[in-house]
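protein_11.txt follows (compact mmCIF, C-alpha atoms and all ligand atoms):
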```
# COMPACT_ATOMS: atom_id res chain seq x y z
CA MET A 1 -215.85 2.43 119.69
CA PRO A 2 -218.24 0.08 121.52
CA LYS A 3 -216.50 -2.34 123.85
CA ARG A 4 -215.67 -5.71 122.26
CA LYS A 5 -216.71 -8.55 124.56
CA ILE A 6 -214.63 -11.49 123.48
CA SER A 7 -214.97 -15.26 123.34
CA LEU A 8 -211.51 -16.64 122.62
CA LEU A 9 -211.04 -20.12 121.21
CA GLY A 10 -207.48 -21.36 121.60
CA ALA A 11 -206.56 -19.16 124.56
CA THR A 12 -203.15 -20.66 125.34
CA GLY A 13 -201.93 -20.82 121.72
CA SER A 14 -200.01 -18.19 119.82
CA ILE A 15 -203.12 -16.30 118.60
CA GLY A 16 -204.70 -16.58 122.04
CA GLN A 17 -201.69 -15.16 123.85
CA GLN A 18 -201.38 -12.27 121.41
CA THR A 19 -205.09 -11.47 121.75
CA LEU A 20 -204.76 -11.51 125.54
CA ASP A 21 -201.88 -9.10 125.28
CA LEU A 22 -204.17 -6.63 123.47
CA ILE A 23 -206.92 -7.10 126.08
CA ARG A 24 -204.32 -6.51 128.81
CA LYS A 25 -203.24 -3.27 127.12
CA ALA A 26 -206.76 -1.92 126.57
CA PRO A 27 -209.17 -3.29 129.19
CA SER A 28 -211.51 -0.35 128.65
CA ILE A 29 -212.24 -1.41 125.04
CA TYR A 30 -211.78 -5.20 125.16
CA SER A 31 -212.83 -7.80 127.72
CA LEU A 32 -212.50 -11.58 127.89
CA GLU A 33 -215.94 -13.09 128.58
CA ALA A 34 -215.31 -16.72 127.67
CA CYS A 35 -212.41 -18.83 126.48
CA ALA A 36 -211.42 -22.33 125.45
CA ALA A 37 -208.16 -24.25 125.49
CA ALA A 38 -207.35 -27.93 125.04
CA GLY A 39 -205.62 -27.93 128.42
CA ASN A 40 -202.25 -29.29 127.33
CA ASN A 41 -200.65 -26.29 128.97
CA LEU A 42 -202.71 -26.20 132.15
CA GLU A 43 -200.47 -23.80 133.99
CA ALA A 44 -200.84 -21.16 131.28
CA PHE A 45 -204.61 -21.68 131.20
CA VAL A 46 -204.87 -21.23 134.97
CA GLN A 47 -202.89 -18.00 134.74
CA ILE A 48 -205.18 -16.67 132.00
CA ILE A 49 -208.32 -17.48 133.99
CA GLU A 50 -206.95 -15.90 137.15
CA GLU A 51 -205.82 -12.76 135.34
CA PHE A 52 -208.82 -12.14 133.07
CA GLN A 53 -211.59 -13.85 135.06
CA PRO A 54 -213.84 -14.95 132.17
CA LYS A 55 -217.33 -16.18 133.05
CA LEU A 56 -217.20 -19.40 131.06
CA VAL A 57 -214.25 -21.65 130.18
CA SER A 58 -214.03 -24.79 128.08
CA ILE A 59 -211.38 -27.49 128.26
CA ALA A 60 -210.93 -30.68 126.22
CA SER A 61 -212.04 -33.43 128.63
CA ALA A 62 -213.75 -34.17 131.95
CA SER A 63 -210.47 -35.21 133.55
CA LYS A 64 -208.82 -31.97 132.40
CA ALA A 65 -211.80 -30.03 133.78
CA ASP A 66 -211.19 -31.69 137.19
CA GLU A 67 -207.50 -30.83 137.06
CA LEU A 68 -208.31 -27.26 136.13
CA TYR A 69 -210.86 -26.91 138.94
CA LYS A 70 -208.30 -28.16 141.47
CA ALA A 71 -205.60 -25.82 140.18
CA LEU A 72 -207.71 -22.66 140.41
CA GLY A 73 -207.73 -20.43 143.47
CA SER A 74 -210.82 -20.77 145.67
CA GLN A 75 -212.05 -17.24 144.92
CA ILE A 76 -211.98 -17.73 141.16
CA LYS A 77 -213.42 -21.24 140.98
CA ASN A 78 -216.70 -20.09 142.49
CA LYS A 79 -217.08 -17.33 139.92
CA ILE A 80 -216.58 -19.27 136.71
CA GLN A 81 -218.27 -22.13 134.97
CA ILE A 82 -216.10 -24.89 133.50
CA ILE A 83 -217.44 -26.95 130.60
CA HIS A 84 -215.64 -29.64 128.63
CA GLY A 85 -215.47 -31.61 125.40
CA GLN A 86 -215.46 -30.58 121.75
CA ALA A 87 -219.19 -29.76 121.79
CA SER A 88 -218.56 -27.17 124.51
CA LEU A 89 -216.62 -25.05 121.98
CA LYS A 90 -220.01 -24.18 120.49
CA ASP A 91 -221.14 -22.81 123.86
CA ILE A 92 -218.08 -20.55 123.91
CA ALA A 93 -218.77 -19.42 120.32
CA SER A 94 -222.43 -18.65 121.10
CA PHE A 95 -221.93 -17.25 124.62
CA PRO A 96 -224.60 -14.56 125.04
CA PHE A 97 -222.34 -12.14 126.95
CA SER A 98 -219.85 -12.01 124.04
CA ASP A 99 -220.31 -10.10 120.81
CA THR A 100 -216.96 -11.06 119.30
CA VAL A 101 -215.54 -14.53 118.69
CA ILE A 102 -211.88 -15.07 117.92
CA LEU A 103 -211.12 -18.40 116.28
CA GLY A 104 -207.55 -19.22 117.22
CA LEU A 105 -207.76 -23.01 117.24
CA VAL A 106 -205.31 -25.10 115.29
CA GLY A 107 -206.51 -26.76 112.11
CA ALA A 108 -209.94 -28.15 111.33
CA LEU A 109 -211.21 -28.01 114.89
CA GLY A 110 -212.64 -24.49 114.51
CA LEU A 111 -215.16 -25.18 111.74
CA GLU A 112 -218.23 -25.91 113.84
CA SER A 113 -217.47 -23.03 116.20
CA ALA A 114 -217.08 -20.68 113.22
CA LEU A 115 -220.53 -21.55 111.88
CA THR A 116 -222.01 -21.32 115.39
CA ALA A 117 -220.54 -17.85 115.91
CA LEU A 118 -221.89 -16.56 112.57
CA ASN A 119 -225.30 -18.13 113.19
CA HIS A 120 -225.44 -16.25 116.49
CA GLY A 121 -224.71 -12.94 114.79
CA LYS A 122 -221.24 -12.45 116.26
CA ARG A 123 -218.29 -10.48 114.94
CA THR A 124 -216.34 -13.57 113.95
CA ILE A 125 -212.60 -13.19 113.59
CA PHE A 126 -210.95 -15.97 111.60
CA ALA A 127 -207.42 -16.20 112.96
CA ASN A 128 -207.72 -19.86 112.02
CA LYS A 129 -207.92 -20.25 108.23
CA GLU A 130 -208.97 -23.89 107.97
CA PRO A 131 -212.74 -23.32 108.36
CA LEU A 132 -212.68 -20.94 105.38
CA VAL A 133 -210.67 -23.44 103.35
CA MET A 134 -212.87 -26.43 104.20
CA ALA A 135 -216.29 -24.85 104.09
CA GLY A 136 -216.18 -21.49 102.34
CA ASN A 137 -219.65 -22.06 100.87
CA LEU A 138 -221.27 -22.84 104.26
CA ILE A 139 -219.57 -19.85 105.86
CA ARG A 140 -220.75 -17.47 103.13
CA GLU A 141 -224.26 -18.89 103.49
CA ALA A 142 -224.24 -18.42 107.30
CA LEU A 143 -223.05 -14.85 106.79
CA LYS A 144 -225.84 -14.14 104.30
CA ASN A 145 -228.49 -15.59 106.61
CA ASN A 146 -227.43 -13.60 109.66
CA GLU A 147 -227.66 -9.89 109.21
CA LYS A 148 -225.81 -9.08 112.42
CA ALA A 149 -222.90 -11.40 111.75
CA ILE A 150 -219.60 -9.89 110.58
CA LEU A 151 -216.74 -11.95 109.21
CA ILE A 152 -213.25 -10.51 109.46
CA PRO A 153 -210.08 -12.37 108.58
CA ALA A 154 -207.12 -12.19 110.94
CA ASP A 155 -204.50 -13.52 108.61
CA SER A 156 -202.05 -10.76 107.69
CA GLU A 157 -202.45 -11.24 103.92
CA HIS A 158 -206.24 -11.25 104.04
CA VAL A 159 -206.38 -8.29 106.37
CA ALA A 160 -204.28 -6.52 103.73
CA LEU A 161 -206.68 -7.55 100.95
CA HIS A 162 -209.67 -6.64 103.14
CA GLN A 163 -208.29 -3.10 103.42
CA CYS A 164 -207.27 -2.77 99.76
CA LEU A 165 -210.62 -4.07 98.46
CA GLN A 166 -212.84 -1.77 100.55
CA GLY A 167 -215.82 -0.70 98.48
CA GLN A 168 -214.79 -2.58 95.32
CA LYS A 169 -216.62 -5.47 93.64
CA PRO A 170 -214.82 -8.67 92.52
CA ASP A 171 -215.29 -7.79 88.83
CA LYS A 172 -213.09 -4.69 89.29
CA VAL A 173 -210.11 -6.85 90.30
CA ASN A 174 -207.46 -7.87 87.80
CA ASN A 175 -205.23 -9.76 90.25
CA LEU A 176 -204.82 -10.41 93.93
CA TYR A 177 -201.19 -10.74 94.93
CA LEU A 178 -200.71 -12.76 98.10
CA THR A 179 -197.22 -12.28 99.45
CA ALA A 180 -195.26 -15.01 101.21
CA SER A 181 -192.11 -14.74 103.27
CA GLY A 182 -191.17 -18.03 101.61
CA GLY A 183 -190.20 -19.68 104.88
CA PRO A 184 -186.62 -20.77 105.59
CA PHE A 185 -185.99 -22.85 102.43
CA TRP A 186 -187.41 -21.07 99.36
CA ASN A 187 -184.11 -19.61 98.21
CA ASP A 188 -181.79 -22.60 98.72
CA LYS A 189 -182.07 -24.38 95.39
CA THR A 190 -179.53 -27.08 96.24
CA LEU A 191 -181.05 -28.04 99.60
CA ASP A 192 -182.10 -31.68 99.76
CA PHE A 193 -185.66 -31.71 101.13
CA ASP A 194 -185.11 -35.26 102.42
CA SER A 195 -182.56 -33.96 104.90
CA ILE A 196 -184.64 -31.23 106.59
CA LYS A 197 -185.19 -31.75 110.31
CA PRO A 198 -188.23 -30.37 112.19
CA SER A 199 -185.99 -28.03 114.18
CA GLN A 200 -184.81 -26.40 110.90
CA ALA A 201 -188.32 -26.09 109.52
CA LEU A 202 -189.55 -24.53 112.76
CA LYS A 203 -187.25 -21.54 112.33
CA HIS A 204 -189.45 -18.98 110.59
CA PRO A 205 -187.61 -15.90 109.32
CA THR A 206 -190.22 -13.23 110.11
CA TRP A 207 -193.38 -14.34 111.92
CA GLN A 208 -193.77 -15.85 115.34
CA MET A 209 -196.44 -18.55 115.10
CA GLY A 210 -197.48 -21.99 116.32
CA ASN A 211 -195.71 -25.18 115.13
CA LYS A 212 -198.32 -26.37 112.60
CA ILE A 213 -198.47 -23.08 110.71
CA THR A 214 -194.69 -22.66 110.83
CA ILE A 215 -194.20 -26.02 109.08
CA ASP A 216 -196.96 -25.04 106.62
CA SER A 217 -194.98 -21.87 105.89
CA ALA A 218 -191.84 -23.88 105.18
CA THR A 219 -193.69 -26.16 102.70
CA LEU A 220 -195.69 -23.19 101.30
CA MET A 221 -198.89 -25.11 102.17
CA ASN A 222 -199.77 -22.14 104.35
CA LYS A 223 -199.76 -19.96 101.25
CA GLY A 224 -201.75 -22.59 99.38
CA LEU A 225 -204.40 -22.61 102.10
CA GLU A 226 -204.37 -18.80 101.96
CA VAL A 227 -205.09 -18.88 98.22
CA ILE A 228 -208.23 -20.90 98.98
CA GLU A 229 -208.99 -18.64 101.95
CA ALA A 230 -208.78 -15.60 99.64
CA TYR A 231 -211.20 -17.23 97.22
CA SER A 232 -213.59 -18.03 100.08
CA LEU A 233 -213.51 -14.51 101.46
CA PHE A 234 -213.51 -12.40 98.32
CA GLU A 235 -214.79 -14.74 95.56
CA ILE A 236 -212.05 -13.77 93.12
CA PRO A 237 -211.37 -16.58 90.59
CA TYR A 238 -208.27 -18.72 91.22
CA ASP A 239 -206.53 -17.64 88.01
CA LYS A 240 -206.51 -14.10 89.41
CA ILE A 241 -204.94 -15.07 92.74
CA GLN A 242 -201.16 -14.94 92.46
CA VAL A 243 -198.50 -15.78 95.01
CA LEU A 244 -195.28 -13.78 95.28
CA ILE A 245 -192.35 -14.53 97.56
CA HIS A 246 -191.52 -11.30 99.37
CA PRO A 247 -188.73 -12.00 101.87
CA GLN A 248 -189.07 -8.66 103.67
CA SER A 249 -192.72 -9.47 104.56
CA LEU A 250 -193.60 -5.77 104.66
CA VAL A 251 -196.11 -5.71 101.82
CA HIS A 252 -198.73 -7.99 103.31
CA SER A 253 -200.63 -8.32 100.01
CA MET A 254 -201.77 -6.25 97.03
CA VAL A 255 -204.73 -5.76 94.75
CA GLU A 256 -204.38 -4.82 91.10
CA PHE A 257 -207.59 -3.32 89.71
CA ILE A 258 -208.77 -3.50 86.10
CA ASP A 259 -207.65 0.10 85.51
CA GLY A 260 -204.05 -0.89 86.33
CA HIS A 261 -203.88 0.80 89.73
CA VAL A 262 -202.39 -1.32 92.49
CA LEU A 263 -203.12 -0.93 96.19
CA ALA A 264 -200.78 -2.56 98.68
CA GLN A 265 -200.97 -2.70 102.46
CA LEU A 266 -197.80 -2.47 104.51
CA GLY A 267 -197.17 -2.57 108.21
CA ALA A 268 -194.95 -3.99 110.93
CA ASN A 269 -194.78 -7.79 111.15
CA ASP A 270 -196.72 -8.44 114.30
CA MET A 271 -199.87 -10.54 114.59
CA ARG A 272 -201.17 -8.18 117.25
CA LEU A 273 -201.58 -5.44 114.63
CA VAL A 274 -203.58 -7.86 112.50
CA LEU A 275 -205.77 -8.86 115.45
CA GLN A 276 -206.28 -5.25 116.47
CA TYR A 277 -207.50 -4.40 112.95
CA ALA A 278 -210.00 -7.26 113.11
CA LEU A 279 -211.20 -6.23 116.56
CA ASP A 280 -211.53 -2.52 115.78
CA TYR A 281 -212.85 -2.63 112.20
CA PRO A 282 -214.34 -0.42 110.81
CA ASN A 283 -212.82 1.92 113.39
CA ARG A 284 -209.14 2.78 113.50
CA GLU A 285 -207.78 3.03 117.03
CA PRO A 286 -204.26 3.92 118.27
CA ASN A 287 -201.69 1.16 117.72
CA LEU A 288 -201.63 -0.64 121.08
CA ILE A 289 -198.15 -2.10 120.76
CA ASN A 290 -196.63 1.08 119.39
CA LYS A 291 -195.10 -0.56 116.34
CA PHE A 292 -194.73 1.52 113.20
CA LEU A 293 -192.67 1.04 110.05
CA ASN A 294 -189.40 2.91 109.99
CA TRP A 295 -189.14 3.96 106.35
CA LYS A 296 -185.54 5.05 106.74
CA GLU A 297 -184.58 1.46 107.45
CA ILE A 298 -186.46 -0.06 104.52
CA ASN A 299 -184.15 -0.02 101.56
CA LYS A 300 -185.63 -2.80 99.46
CA LEU A 301 -188.84 -4.61 98.69
CA GLU A 302 -188.21 -7.74 96.63
CA PHE A 303 -190.66 -10.06 94.90
CA PHE A 304 -189.99 -13.50 93.39
CA GLU A 305 -192.09 -16.17 91.77
CA PRO A 306 -192.44 -19.36 93.84
CA ASP A 307 -191.12 -22.64 92.42
CA LEU A 308 -194.21 -24.84 92.21
CA GLU A 309 -192.22 -27.91 91.20
CA ARG A 310 -190.12 -27.76 94.37
CA PHE A 311 -192.92 -26.55 96.64
CA LYS A 312 -195.55 -29.08 95.61
CA CYS A 313 -197.89 -28.23 98.49
CA LEU A 314 -198.74 -24.89 96.86
CA LYS A 315 -199.55 -26.63 93.59
CA LEU A 316 -201.74 -29.17 95.39
CA ALA A 317 -203.65 -26.38 97.11
CA TYR A 318 -204.42 -24.61 93.80
CA TRP A 319 -205.57 -27.95 92.46
CA ALA A 320 -207.83 -28.67 95.44
CA GLY A 321 -209.20 -25.12 95.37
CA LYS A 322 -210.09 -25.29 91.67
CA TYR A 323 -211.77 -28.70 91.98
CA ALA A 324 -213.34 -27.55 95.28
CA GLN A 325 -216.07 -29.95 96.48
CA THR A 326 -214.73 -31.87 99.49
CA TYR A 327 -211.16 -31.77 98.17
CA THR A 328 -210.32 -28.69 100.23
CA ALA A 329 -211.45 -30.41 103.44
CA CYS A 330 -209.28 -33.41 102.54
CA LEU A 331 -206.34 -31.12 101.83
CA VAL A 332 -206.60 -29.57 105.30
CA ALA A 333 -207.02 -32.92 107.07
CA ALA A 334 -204.26 -34.74 105.17
CA ASP A 335 -201.90 -31.82 105.73
CA GLU A 336 -202.55 -31.88 109.49
CA ILE A 337 -201.64 -35.57 109.64
CA ALA A 338 -198.61 -35.17 107.38
CA VAL A 339 -197.24 -32.24 109.38
CA GLU A 340 -197.75 -34.11 112.64
CA LEU A 341 -195.91 -37.15 111.25
CA PHE A 342 -193.08 -34.90 110.10
CA LEU A 343 -192.84 -33.21 113.51
CA GLN A 344 -192.60 -36.67 115.08
CA GLU A 345 -189.82 -37.48 112.56
CA LYS A 346 -191.87 -40.32 111.12
CA ILE A 347 -191.86 -38.98 107.56
CA LYS A 348 -189.44 -36.73 105.68
CA PHE A 349 -190.11 -33.10 104.78
CA SER A 350 -190.24 -34.13 101.11
CA GLN A 351 -192.92 -36.72 101.89
CA ILE A 352 -195.43 -34.18 103.25
CA PRO A 353 -196.78 -33.29 99.76
CA ASP A 354 -196.50 -36.90 98.56
CA LEU A 355 -198.75 -38.15 101.33
CA ILE A 356 -201.29 -35.35 100.80
CA GLU A 357 -201.36 -35.92 97.05
CA GLU A 358 -202.06 -39.63 97.48
CA VAL A 359 -204.97 -38.88 99.82
CA LEU A 360 -206.44 -36.39 97.31
CA ARG A 361 -206.08 -38.92 94.48
CA LYS A 362 -207.97 -41.57 96.42
CA HIS A 363 -210.80 -39.25 97.45
CA SER A 364 -214.29 -39.56 95.97
CA ALA A 365 -215.32 -35.95 96.22
CA GLN A 366 -218.82 -34.72 96.97
CA GLU A 367 -220.63 -31.40 96.90
CA PRO A 368 -219.92 -29.91 100.39
CA LYS A 369 -223.58 -29.06 101.01
CA THR A 370 -223.64 -29.76 104.75
CA LEU A 371 -221.32 -29.69 107.72
CA GLU A 372 -221.75 -33.47 108.05
CA ILE A 373 -220.48 -34.11 104.51
CA ILE A 374 -217.43 -31.94 105.19
CA GLN A 375 -216.74 -33.58 108.55
CA LYS A 376 -217.02 -37.02 106.96
CA ALA A 377 -214.50 -36.07 104.27
CA ASP A 378 -212.21 -34.71 106.98
CA GLN A 379 -212.40 -37.96 108.99
CA TRP A 380 -211.94 -40.06 105.88
CA ALA A 381 -208.83 -38.10 104.84
CA ARG A 382 -207.23 -38.40 108.30
CA LYS A 383 -207.77 -42.14 108.33
CA GLN A 384 -206.59 -42.52 104.75
CA ALA A 385 -203.43 -40.51 105.48
CA MET A 386 -202.60 -42.78 108.44
CA THR A 387 -203.31 -45.93 106.38
CA LEU A 388 -201.05 -44.73 103.57
CA TYR A 389 -198.36 -43.82 106.06
CA LYS A 390 -198.45 -47.32 107.59
CA GLU A 391 -198.44 -48.98 104.17
CA LYS A 392 -195.73 -46.92 102.55
CA TYR A 393 -193.59 -45.02 105.00
CA ILE A 394 -192.89 -47.30 107.94
MG MG B 1 -200.86 -15.46 106.65
```
Starting from the file, lay out its structure as C-alpha cells.
Ligand code: MG
Amino acid sequence: MPKRKISLLGATGSIGQQTLDLIRKAPSIYSLEACAAAGNNLEAFVQIIEEFQPKLVSIASASKADELYKALGSQIKNKIQIIHGQASLKDIASFPFSDTVILGLVGALGLESALTALNHGKRTIFANKEPLVMAGNLIREALKNNEKAILIPADSEHVALHQCLQGQKPDKVNNLYLTASGGPFWNDKTLDFDSIKPSQALKHPTWQMGNKITIDSATLMNKGLEVIEAYSLFEIPYDKIQVLIHPQSLVHSMVEFIDGHVLAQLGANDMRLVLQYALDYPNREPNLINKFLNWKEINKLEFFEPDLERFKCLKLAYWAGKYAQTYTACLVAADEIAVELFLQEKIKFSQIPDLIEEVLRKHSAQEPKTLEIIQKADQWARKQAMTLYKEKYI
C-alpha cells in the first residue's frame, strides 16, 4: 500500500488522538505531515508536535500561536511552520505534502476544510459528520469535479454501509439499517428527561468519544445526523433509511437488498478500526490494535425500534433531512448551541430538542447552492438559538 501522508484536523481531540495512535503503530505506512488544533489543550498539542514533527501546524489564534512557539523545544520550532486562525485550516487541508486529510474537528467547523480537501484531490476522511449533513450537495459536486479526490466516511455505521454496498447501485437497496447503541437512556421509560445531568449523559455505554457527540448519542441526535449523512453519502431515499437500537453495538449497520439478502458488518467497538479502514481502503491491512471479535463471548444480538416521541431529536433530523435546503445546516448549528447550553447546565436535557425545533420553525430556508448560503444559515441559526434561549429559558 502506498504511504498515506496525513493532514489531521482536530489533532488533540478524540479522533485526532486515535489517528495518532495508528500513525505511532505503523510509521512505515502513515506519516503526519500537517495538523491543526484549537489550542485549548496546549500541552497535548506540544507533545504531538514534538513526537510526530509535522511540517505545518495550525492553531486558533495569534496569541495561541505565540504560546505554542514559546512552549516548543528549540530544535523543533525551527523545523516547523506555525499558522493561525480559521482560514489556516484550509492550508492544512490543501497542504501539498499530504495526500490524505482527516477531518476530526467538532461540529460545523470542518465544512470549508472538507471542500478544500476534495477540491485539492485528497483522500478525504470524514470523521466529522457535520459537513456531510450541512452541505451534502456541495460535497458530492466537489467529488464529481475532482477525479483524484476520494471521500471515505469514518463513522462506524457509514464505514459498515460503505463495505456492505460495495459495487451496488442505490436502486438495488431495499433498506439501510443504521444501528444505534441508544446511549444511556433509551431503555429507561420512566426516566424524567428534565432531571438528567450532563455527567449522566456523558456516560456512553460502548464508544469512547468527545463530549459533543456523546451528548448527541444520548439524545439520539447523533443517529439523526447519521441518517442525513447516509443520505448524503449513498443517495438512498429517507424512507429507506431505518434506525435500530442495538445495545451490543456489534452490528455496525446493515443493507437489505431488493432480493431480500441482507449484508451486515460487524467488528470490535473501537474507532481506530474505523479510521484504519478509511486510511487503508481499498486495501485491507493487518489490524493494528489487534482487536478481533470473540464469537464465543457473543451470545446475543438485539434490535429495538427507537421511540421517536421520547427522542424528539431523531424525529427533527428526519424532518430536516426530508425538507433539506438549509434546514440541515440549521439543525447542526442549533444542536451545537443547545448541547453547549446543556453542558453548561443552562438548559435541561429535555429542552435540547425544544430549542432546536423552534429554530427550525423560524428558519426561512433557501436552496444551499453555495458555501456562503450555508454559512449564513449556520450563523443565523446560532444567533437565533441564543436569542430564543435568552427569551425563554433564563
Ligand atoms: Mg456513528
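Distances here use only C-alpha atoms; by that measure, the residue among A:Ile373, A:Leu165, A:Ala93, A:Leu331 closest to A:Asp354 is A:Leu331.
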Problem set entry | Closest of A:Ser364, A:Ser156, A:Gln351, A:Ser217 to ligand MG 1 (chain B) - atom-to-atom distances counting only C-alpha atoms and all ligand atoms |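 Looking at the shortest contact to ligand MG 1 (chain B), the residue is A:Ser156.
Using only C-alpha atoms, the contacts of A:Gln81 at a cut-off of 10 Å, with sequence neighbours closer than 4 positions omitted, comprise A:Ala34, A:Pro54, A:Lys55, A:Leu56, A:Val57, A:Ser58, A:Tyr69, A:Ile76, A:Lys77.
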For this session: Please check which residues have atoms at most 12 Å from (-184.4, -30.7, 103.9) in the file's coordinates, counting only C-alpha atoms, and write them as a ChimeraX atom specification.
Result: /A:184-186,188-202,218-219,310-311,342,347-352
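Near ligand MG 1 (chain B), at a distance of at most 9 Å and with all atoms listed in the file counted, sit the residues Lys129, Ala154, Asp155, Ser156, Glu157, His158, Leu178, Thr179, Ala180, Ile213, Ser217, Asn222, Lys223, Glu226 and His252 of chain A.
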Same residues, C-alpha atoms, saved as a short mmCIF file (atom, residue, chain, number, x, y, z; two decimals), in the coordinates of the input:
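Printed below is out20.cif as written:
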```
data_model
loop_
_atom_site.label_atom_id
_atom_site.label_comp_id
_atom_site.auth_asym_id
_atom_site.auth_seq_id
_atom_site.Cartn_x
_atom_site.Cartn_y
_atom_site.Cartn_z
CA LYS A 129 -207.92 -20.25 108.23
CA ALA A 154 -207.12 -12.19 110.94
CA ASP A 155 -204.50 -13.52 108.61
CA SER A 156 -202.05 -10.76 107.69
CA GLU A 157 -202.45 -11.24 103.92
CA HIS A 158 -206.24 -11.25 104.04
CA LEU A 178 -200.71 -12.76 98.10
CA THR A 179 -197.22 -12.28 99.45
CA ALA A 180 -195.26 -15.01 101.21
CA ILE A 213 -198.47 -23.08 110.71
CA SER A 217 -194.98 -21.87 105.89
CA ASN A 222 -199.77 -22.14 104.35
CA LYS A 223 -199.76 -19.96 101.25
CA GLU A 226 -204.37 -18.80 101.96
CA HIS A 252 -198.73 -7.99 103.31
#
```
